[in-house]
$ cat my_file-v4.txt   # compact mmCIF, C-alpha atoms
# COMPACT_ATOMS: atom_id res chain seq x y z
CA MET A 1 154.89 -2.84 -19.10
CA LEU A 2 158.33 -4.04 -20.22
CA ALA A 3 161.24 -5.11 -18.06
CA PRO A 4 164.48 -3.17 -18.79
CA ALA A 5 166.11 -6.25 -20.33
CA ALA A 6 163.58 -6.06 -23.18
CA PHE A 7 164.74 -2.66 -24.42
CA ILE A 8 167.79 -1.34 -22.56
CA ASP A 9 170.41 -2.54 -25.06
CA ALA A 10 168.54 -1.06 -28.01
CA LEU A 11 167.94 2.19 -26.12
CA GLY A 12 171.61 2.43 -25.17
CA GLU A 13 172.67 2.32 -28.83
CA SER A 14 169.88 4.53 -30.16
CA ALA A 15 169.98 8.16 -31.23
CA VAL A 16 168.25 9.25 -28.02
CA ALA A 17 170.65 7.49 -25.63
CA MET A 18 172.48 10.71 -24.70
CA GLU A 19 169.30 12.67 -24.10
CA THR A 20 167.69 9.82 -22.17
CA GLY A 21 170.78 9.22 -20.05
CA ARG A 22 170.99 12.91 -19.14
CA TRP A 23 167.28 12.98 -18.25
CA ILE A 24 167.62 9.90 -16.02
CA LEU A 25 170.65 11.36 -14.26
CA THR A 26 169.00 14.73 -13.66
CA ASN A 27 165.75 13.31 -12.34
CA ALA A 28 167.44 10.69 -10.17
CA CYS A 29 169.50 13.38 -8.43
CA LYS A 30 166.45 15.60 -7.93
CA MET A 31 164.44 12.72 -6.49
CA ALA A 32 167.17 11.71 -4.05
CA ALA A 33 167.64 15.33 -2.99
CA SER A 34 163.91 15.78 -2.40
CA TRP A 35 163.83 12.76 -0.08
CA ARG A 36 166.77 14.15 1.89
CA ALA A 37 165.02 17.53 2.14
CA LYS A 38 162.00 15.79 3.69
CA GLY A 39 164.21 14.37 6.41
CA LEU A 40 164.00 10.81 5.11
CA PRO A 41 166.93 8.39 5.56
CA HIS A 42 169.79 9.27 3.26
CA ILE A 43 170.15 6.96 0.28
CA ARG A 44 172.85 6.32 -2.25
CA MET A 45 171.28 6.85 -5.66
CA GLY A 46 172.63 4.44 -8.27
CA VAL A 47 172.41 5.46 -11.93
CA ASN A 48 173.38 3.11 -14.77
CA LEU A 49 175.26 4.83 -17.57
CA PHE A 50 174.95 4.26 -21.32
CA PRO A 51 178.13 3.88 -23.42
CA ALA A 52 176.98 6.91 -25.43
CA GLN A 53 177.39 9.13 -22.37
CA PHE A 54 181.16 8.69 -22.59
CA ARG A 55 181.47 9.31 -26.33
CA ASN A 56 180.91 13.05 -26.57
CA GLY A 57 183.00 13.99 -23.54
CA THR A 58 180.26 15.77 -21.57
CA LEU A 59 179.70 13.22 -18.78
CA LEU A 60 181.64 15.22 -16.18
CA GLN A 61 179.75 18.38 -17.07
CA ASP A 62 176.39 16.56 -17.07
CA VAL A 63 176.98 15.04 -13.63
CA GLU A 64 178.15 18.33 -12.14
CA GLN A 65 175.11 20.08 -13.58
CA ALA A 66 172.74 17.45 -12.18
CA LEU A 67 174.32 17.70 -8.73
CA SER A 68 174.29 21.49 -8.80
CA ASP A 69 170.66 21.75 -9.94
CA SER A 70 169.45 19.24 -7.35
CA GLY A 71 171.70 20.09 -4.43
CA LEU A 72 172.53 16.40 -3.97
CA PRO A 73 175.95 15.78 -2.33
CA PRO A 74 178.37 14.00 -4.72
CA GLU A 75 178.85 11.12 -2.29
CA ALA A 76 175.12 10.35 -2.49
CA LEU A 77 175.41 9.54 -6.20
CA GLU A 78 176.76 6.24 -7.50
CA LEU A 79 177.40 5.78 -11.23
CA GLU A 80 177.31 2.20 -12.43
CA ILE A 81 179.40 1.04 -15.37
CA THR A 82 179.62 -2.32 -17.09
CA GLU A 83 182.43 -3.93 -19.01
CA ASN A 84 180.94 -2.99 -22.37
CA ILE A 85 181.44 0.65 -21.35
CA ALA A 86 185.04 0.09 -20.25
CA LEU A 87 186.25 -2.04 -23.16
CA GLY A 88 187.60 -0.15 -26.15
CA ARG A 89 187.25 3.32 -24.61
CA GLU A 90 189.68 3.18 -21.73
CA ASP A 91 191.35 6.59 -22.18
CA GLY A 92 188.18 8.67 -22.35
CA THR A 93 186.33 6.55 -19.82
CA LEU A 94 189.11 6.55 -17.25
CA SER A 95 189.73 10.29 -17.31
CA ALA A 96 186.04 11.10 -16.84
CA LEU A 97 185.57 8.60 -14.02
CA LYS A 98 188.74 9.69 -12.22
CA ALA A 99 187.57 13.31 -12.34
CA LEU A 100 184.15 12.34 -10.97
CA ARG A 101 185.66 10.19 -8.24
CA SER A 102 187.93 13.08 -7.18
CA ARG A 103 184.77 15.12 -6.66
CA GLY A 104 183.32 12.47 -4.36
CA VAL A 105 180.99 10.62 -6.76
CA CYS A 106 180.92 6.85 -6.16
CA ILE A 107 181.73 4.46 -9.03
CA ALA A 108 180.41 0.88 -9.13
CA PHE A 109 181.32 -1.96 -11.51
CA ASP A 110 178.02 -3.65 -12.35
CA ASP A 111 177.51 -7.35 -13.21
CA PHE A 112 181.01 -8.23 -12.07
CA GLY A 113 182.33 -11.68 -12.96
CA THR A 114 180.70 -12.17 -16.34
CA GLY A 115 183.27 -10.53 -18.65
CA TYR A 116 186.77 -11.29 -19.84
CA ALA A 117 188.50 -8.16 -18.59
CA SER A 118 186.72 -7.57 -15.30
CA LEU A 119 189.62 -8.61 -13.07
CA SER A 120 192.20 -6.31 -14.65
CA TYR A 121 189.85 -3.34 -14.57
CA LEU A 122 189.49 -3.50 -10.80
CA THR A 123 192.96 -2.04 -10.25
CA ARG A 124 192.82 0.56 -13.03
CA TYR A 125 189.42 2.11 -12.53
CA PRO A 126 188.61 4.44 -9.59
CA LEU A 127 185.98 2.10 -8.20
CA THR A 128 184.28 2.23 -4.83
CA ARG A 129 182.13 -0.90 -5.24
CA ILE A 130 181.73 -4.06 -7.26
CA LYS A 131 178.41 -5.81 -7.78
CA ILE A 132 178.35 -9.60 -7.95
CA GLU A 133 176.32 -10.68 -10.98
CA ARG A 134 173.02 -12.32 -10.04
CA SER A 135 173.72 -15.61 -11.87
CA PHE A 136 176.38 -16.47 -9.28
CA VAL A 137 174.11 -15.55 -6.36
CA GLN A 138 171.28 -17.68 -7.76
CA LYS A 139 173.41 -20.83 -7.29
CA ILE A 140 173.47 -20.36 -3.52
CA ASP A 141 171.10 -22.44 -1.42
CA GLU A 142 171.22 -24.34 1.87
CA LYS A 143 172.82 -27.38 0.21
CA SER A 144 175.11 -25.67 -2.30
CA PRO A 145 178.38 -27.53 -2.94
CA SER A 146 181.53 -25.46 -2.44
CA GLU A 147 182.14 -25.15 -6.19
CA ASP A 148 178.81 -23.29 -6.62
CA THR A 149 179.75 -20.70 -4.01
CA ALA A 150 183.46 -20.39 -4.80
CA ILE A 151 183.13 -17.44 -7.18
CA VAL A 152 180.92 -15.44 -4.82
CA ARG A 153 183.22 -16.13 -1.89
CA SER A 154 186.30 -15.20 -3.96
CA ILE A 155 184.79 -11.90 -5.16
CA ILE A 156 183.91 -10.90 -1.59
CA VAL A 157 187.44 -11.64 -0.38
CA MET A 158 189.01 -9.90 -3.38
CA GLY A 159 186.86 -6.82 -2.87
CA ARG A 160 187.84 -6.68 0.79
CA ASN A 161 191.55 -6.98 -0.09
CA LEU A 162 191.23 -4.17 -2.64
CA GLY A 163 189.37 -1.91 -0.23
CA LEU A 164 186.15 -2.08 -2.25
CA GLU A 165 182.58 -2.47 -0.99
CA VAL A 166 180.73 -5.50 -2.42
CA ILE A 167 177.05 -5.70 -3.38
CA ALA A 168 175.36 -9.00 -4.20
CA GLU A 169 172.67 -8.72 -6.89
CA GLY A 170 169.58 -10.88 -7.24
CA VAL A 171 169.18 -12.02 -3.63
CA GLU A 172 165.84 -13.83 -3.49
CA THR A 173 166.03 -16.26 -0.56
CA THR A 174 166.89 -16.13 3.12
CA ALA A 175 169.51 -18.84 2.55
CA GLN A 176 171.30 -16.63 0.05
CA ALA A 177 171.18 -13.64 2.40
CA ASN A 178 172.45 -15.68 5.34
CA TYR A 179 175.35 -17.07 3.32
CA LEU A 180 176.36 -13.66 1.99
CA ARG A 181 176.14 -12.11 5.45
CA ALA A 182 178.29 -14.89 6.91
CA GLU A 183 180.90 -14.36 4.18
CA GLY A 184 181.08 -10.64 4.96
CA CYS A 185 179.23 -9.24 1.95
CA HIS A 186 178.63 -5.54 2.64
CA GLU A 187 175.28 -5.06 0.89
CA MET A 188 172.58 -7.00 -0.96
CA GLN A 189 169.79 -6.16 -3.34
CA GLY A 190 166.99 -8.23 -4.78
CA TYR A 191 163.44 -9.45 -4.47
CA LEU A 192 163.98 -10.79 -0.95
CA PHE A 193 163.97 -7.16 0.17
CA SER A 194 161.71 -5.66 -2.45
CA LYS A 195 160.51 -5.61 -6.03
CA PRO A 196 160.72 -2.39 -8.07
CA VAL A 197 158.01 0.16 -7.27
CA PRO A 198 157.09 3.75 -8.24
CA SER A 199 158.84 6.59 -6.43
CA ASN A 200 155.88 7.41 -4.18
CA MET A 201 155.81 3.85 -2.83
CA PHE A 202 159.57 3.91 -2.32
CA GLU A 203 159.13 7.12 -0.35
CA MET A 204 156.73 5.23 1.90
CA LEU A 205 159.41 2.57 2.37
CA LEU A 206 161.92 5.26 3.36
CA THR A 207 159.45 6.74 5.81
CA SER A 208 158.85 3.34 7.39
CA SER A 209 162.56 2.58 7.61
CA ARG A 210 162.92 5.44 10.08
CA THR A 211 161.04 3.24 12.53
CA ASP A 212 163.33 0.27 11.86
CA ALA A 213 160.81 -1.75 9.86
CA PRO A 214 162.10 -5.24 9.02
CA ALA A 215 163.62 -5.67 5.56
CA GLN A 216 161.97 -8.97 4.62
CA GLY A 217 158.51 -8.84 3.14
CA TRP A 218 158.52 -5.17 2.16
CA PRO A 219 156.81 -4.45 -1.18
CA GLY A 220 159.29 -1.68 -1.96
CA SER A 221 161.95 -0.80 -4.47
CA GLU A 222 165.21 -2.66 -5.11
CA VAL A 223 167.36 -1.67 -2.16
CA ALA A 224 170.51 -2.76 -0.41
CA GLY A 225 169.09 -3.02 3.10
CA LEU A 226 166.61 -0.89 5.03
CA ARG A 227 168.87 1.44 6.98
CA PRO A 228 170.48 4.88 6.65
CA GLY A 229 172.57 4.77 3.49
CA LEU A 230 169.94 2.94 1.44
CA LYS A 231 170.67 2.48 -2.22
CA VAL A 232 168.09 2.83 -4.94
CA ALA A 233 169.07 1.79 -8.46
CA ILE A 234 167.82 3.58 -11.56

$ encode --input "my_file-v4.txt" --output "structure tokens"
Amino acid sequence: MLAPAAFIDALGESAVAMETGRWILTNACKMAASWRAKGLPHIRMGVNLFPAQFRNGTLLQDVEQALSDSGLPPEALELEITENIALGREDGTLSALKALRSRGVCIAFDDFGTGYASLSYLTRYPLTRIKIERSFVQKIDEKSPSEDTAIVRSIIVMGRNLGLEVIAEGVETTAQANYLRAEGCHEMQGYLFSKPVPSNMFEMLLTSSRTDAPAQGWPGSEVAGLRPGLKVAI
């Protein structure tokens, strides 16, 4: 078993990146649609994109096909991009993302705060959410000095001013969750709520969430809170 960090960069630049990305997108949409069909709480399915998926100009077609084949509403899909996707390919990337956003698909900027151009891209890209990179969240504890929380606090305020939802990544402690909640962070994801699990176990988590099971201590998938509108990242 390998964590994604061990192979994702190599996979993203390999000859099978396009085929793999299309397969992930298709199956993620089908899985989310099947859960909705079973009457489970509606989730927002997050799918990370490879840079290769922007290069041949078929991303819009691929997403529309995946949504059509699965029957998943566009607003239930969230595509996650990183700065390495945005940099150097702005024209092609922007046009595809704007077209997808006009159809209702959500667009999230992943690992926000770690790159050089992140701030300027917030106003140019058709984003719905920004995700605070986990390294900033990890600095939060009950005795954190103000300088360790300044970036997180600033991103939350900036997102609010720009009309964007904010997700904090890598939340592992109650202290982190309490701080983020007090600062008005919209959503959180991380091991405090759940570690990654297979789809059948995540389905059990969805089933349990209908009875308002508590978020802490659940051995489920990486989610942004146990409530209608759950997000699962793929």

$ atom_distance --input "my_file-v4.txt" --atom1 "CA of Val152 in chain A" --atom2 "CA of Val137 in chain A"
7.0 Å

$ atom_distance --input "my_file-v4.txt" --atom1 "CA of Ala37 in chain A" --atom2 "CA of Ala99 in chain A"
27.1 Å

$ atom_distance --input "my_file-v4.txt" --atom1 "CA of Leu162 in chain A" --atom2 "CA of Ser120 in chain A"
12.2 Å

$ residues_around --input "my_file-v4.txt" --residues "range 7-13 of chain A" --least-positions-apart "6" --cutoff "12 Å" --atoms "only C-alpha atoms" --output "tab-separated table (two decimals) with C-alpha atoms, keeping the file's coordinate frame"
chain	number	residue	atom	x	y	z
A	1	MET	CA	154.89	-2.84	-19.10
A	19	GLU	CA	169.30	12.67	-24.10
A	20	THR	CA	167.69	9.82	-22.17
A	21	GLY	CA	170.78	9.22	-20.05
A	48	ASN	CA	173.38	3.11	-14.77
A	49	LEU	CA	175.26	4.83	-17.57
A	50	PHE	CA	174.95	4.26	-21.32
A	51	PRO	CA	178.13	3.88	-23.42
A	52	ALA	CA	176.98	6.91	-25.43
A	53	GLN	CA	177.39	9.13	-22.37
A	54	PHE	CA	181.16	8.69	-22.59
A	55	ARG	CA	181.47	9.31	-26.33
A	84	ASN	CA	180.94	-2.99	-22.37
A	85	ILE	CA	181.44	0.65	-21.35

$ residues_around --input "my_file-v4.txt" --residues "Leu40 in chain A" --least-positions-apart "2" --cutoff "8 Å" --atoms "all atoms listed in the file" --output "short mmCIF file (atom, residue, chain, number, x, y, z; two decimals) with C-alpha atoms, in the frame of the given file"
data_model
loop_
_atom_site.label_atom_id
_atom_site.label_comp_id
_atom_site.auth_asym_id
_atom_site.auth_seq_id
_atom_site.Cartn_x
_atom_site.Cartn_y
_atom_site.Cartn_z
CA TRP A 35 163.83 12.76 -0.08
CA ARG A 36 166.77 14.15 1.89
CA ALA A 37 165.02 17.53 2.14
CA LYS A 38 162.00 15.79 3.69
CA HIS A 42 169.79 9.27 3.26
CA LEU A 206 161.92 5.26 3.36
CA THR A 207 159.45 6.74 5.81
CA ARG A 210 162.92 5.44 10.08
#

$ residues_around --input "my_file-v4.txt" --residues "Val166 in chain A" --least-positions-apart "5" --cutoff "6 Å" --atoms "all atoms listed in the file" --output "PyMOL selection string"
chain A and resi 129-131+185-186

$ residues_near_point --input "my_file-v4.txt" --point "(176.9, 14.3, -14.7)" --cutoff "12 Å" --atoms "only C-alpha atoms" --output "MDAnalysis selection string"
chainID A and resid 18 21:29 47:49 53:54 57:70 72 74 77:79 96:97 99:101 103 105

$ build_atoms --input "my_file-v4.txt" --residues "range 61-91 of chain A" --atoms "N, CA and C atoms" --output "tab-separated table (two decimals), keeping the file's coordinate frame"
chain	number	residue	atom	x	y	z
A	61	GLN	N	180.59	17.18	-17.10
A	61	GLN	CA	179.75	18.38	-17.07
A	61	GLN	C	178.30	18.03	-16.74
A	62	ASP	N	177.78	16.96	-17.32
A	62	ASP	CA	176.39	16.56	-17.07
A	62	ASP	C	176.17	16.19	-15.61
A	63	VAL	N	177.11	15.45	-15.03
A	63	VAL	CA	176.98	15.04	-13.63
A	63	VAL	C	177.06	16.26	-12.72
A	64	GLU	N	178.01	17.13	-12.97
A	64	GLU	CA	178.15	18.33	-12.14
A	64	GLU	C	176.90	19.20	-12.22
A	65	GLN	N	176.32	19.29	-13.41
A	65	GLN	CA	175.11	20.08	-13.58
A	65	GLN	C	173.95	19.46	-12.81
A	66	ALA	N	173.82	18.14	-12.89
A	66	ALA	CA	172.74	17.45	-12.18
A	66	ALA	C	172.87	17.61	-10.67
A	67	LEU	N	174.09	17.53	-10.17
A	67	LEU	CA	174.32	17.70	-8.73
A	67	LEU	C	174.06	19.13	-8.30
A	68	SER	N	174.49	20.08	-9.12
A	68	SER	CA	174.29	21.49	-8.80
A	68	SER	C	172.82	21.86	-8.81
A	69	ASP	N	172.08	21.41	-9.83
A	69	ASP	CA	170.66	21.75	-9.94
A	69	ASP	C	169.84	21.14	-8.82
A	70	SER	N	170.23	19.95	-8.37
A	70	SER	CA	169.45	19.24	-7.35
A	70	SER	C	169.89	19.54	-5.93
A	71	GLY	N	171.16	19.90	-5.77
A	71	GLY	CA	171.70	20.09	-4.43
A	71	GLY	C	172.10	18.79	-3.76
A	72	LEU	N	172.15	17.70	-4.52
A	72	LEU	CA	172.53	16.40	-3.97
A	72	LEU	C	174.04	16.35	-3.75
A	73	PRO	N	174.51	15.92	-2.56
A	73	PRO	CA	175.95	15.78	-2.33
A	73	PRO	C	176.55	14.74	-3.27
A	74	PRO	N	177.76	14.96	-3.78
A	74	PRO	CA	178.37	14.00	-4.72
A	74	PRO	C	178.44	12.58	-4.17
A	75	GLU	N	178.71	12.45	-2.86
A	75	GLU	CA	178.85	11.12	-2.29
A	75	GLU	C	177.54	10.35	-2.22
A	76	ALA	N	176.42	11.02	-2.48
A	76	ALA	CA	175.12	10.35	-2.49
A	76	ALA	C	174.76	9.82	-3.87
A	77	LEU	N	175.64	10.03	-4.84
A	77	LEU	CA	175.41	9.54	-6.20
A	77	LEU	C	176.40	8.44	-6.52
A	78	GLU	N	175.90	7.34	-7.07
A	78	GLU	CA	176.76	6.24	-7.50
A	78	GLU	C	176.49	5.95	-8.98
A	79	LEU	N	177.51	6.07	-9.80
A	79	LEU	CA	177.40	5.78	-11.23
A	79	LEU	C	177.84	4.35	-11.47
A	80	GLU	N	177.02	3.60	-12.19
A	80	GLU	CA	177.31	2.20	-12.43
A	80	GLU	C	177.74	1.99	-13.88
A	81	ILE	N	178.89	1.34	-14.04
A	81	ILE	CA	179.40	1.04	-15.37
A	81	ILE	C	179.52	-0.47	-15.54
A	82	THR	N	179.45	-0.91	-16.77
A	82	THR	CA	179.62	-2.32	-17.09
A	82	THR	C	180.84	-2.47	-17.99
A	83	GLU	N	181.23	-3.70	-18.22
A	83	GLU	CA	182.43	-3.93	-19.01
A	83	GLU	C	182.29	-3.44	-20.45
A	84	ASN	N	181.09	-3.46	-20.99
A	84	ASN	CA	180.94	-2.99	-22.37
A	84	ASN	C	181.19	-1.48	-22.47
A	85	ILE	N	181.08	-0.77	-21.36
A	85	ILE	CA	181.44	0.65	-21.35
A	85	ILE	C	182.95	0.79	-21.28
A	86	ALA	N	183.60	-0.03	-20.46
A	86	ALA	CA	185.04	0.09	-20.25
A	86	ALA	C	185.85	-0.36	-21.46
A	87	LEU	N	185.47	-1.46	-22.06
A	87	LEU	CA	186.25	-2.04	-23.16
A	87	LEU	C	186.26	-1.12	-24.38
A	88	GLY	N	187.46	-0.89	-24.90
A	88	GLY	CA	187.60	-0.15	-26.15
A	88	GLY	C	187.57	1.36	-26.00
A	89	ARG	N	187.30	1.87	-24.79
A	89	ARG	CA	187.25	3.32	-24.61
A	89	ARG	C	187.97	3.71	-23.32
A	90	GLU	N	189.06	3.04	-23.04
A	90	GLU	CA	189.68	3.18	-21.73
A	90	GLU	C	190.16	4.60	-21.46
A	91	ASP	N	190.79	5.26	-22.42
A	91	ASP	CA	191.35	6.59	-22.18
A	91	ASP	C	190.26	7.60	-21.79
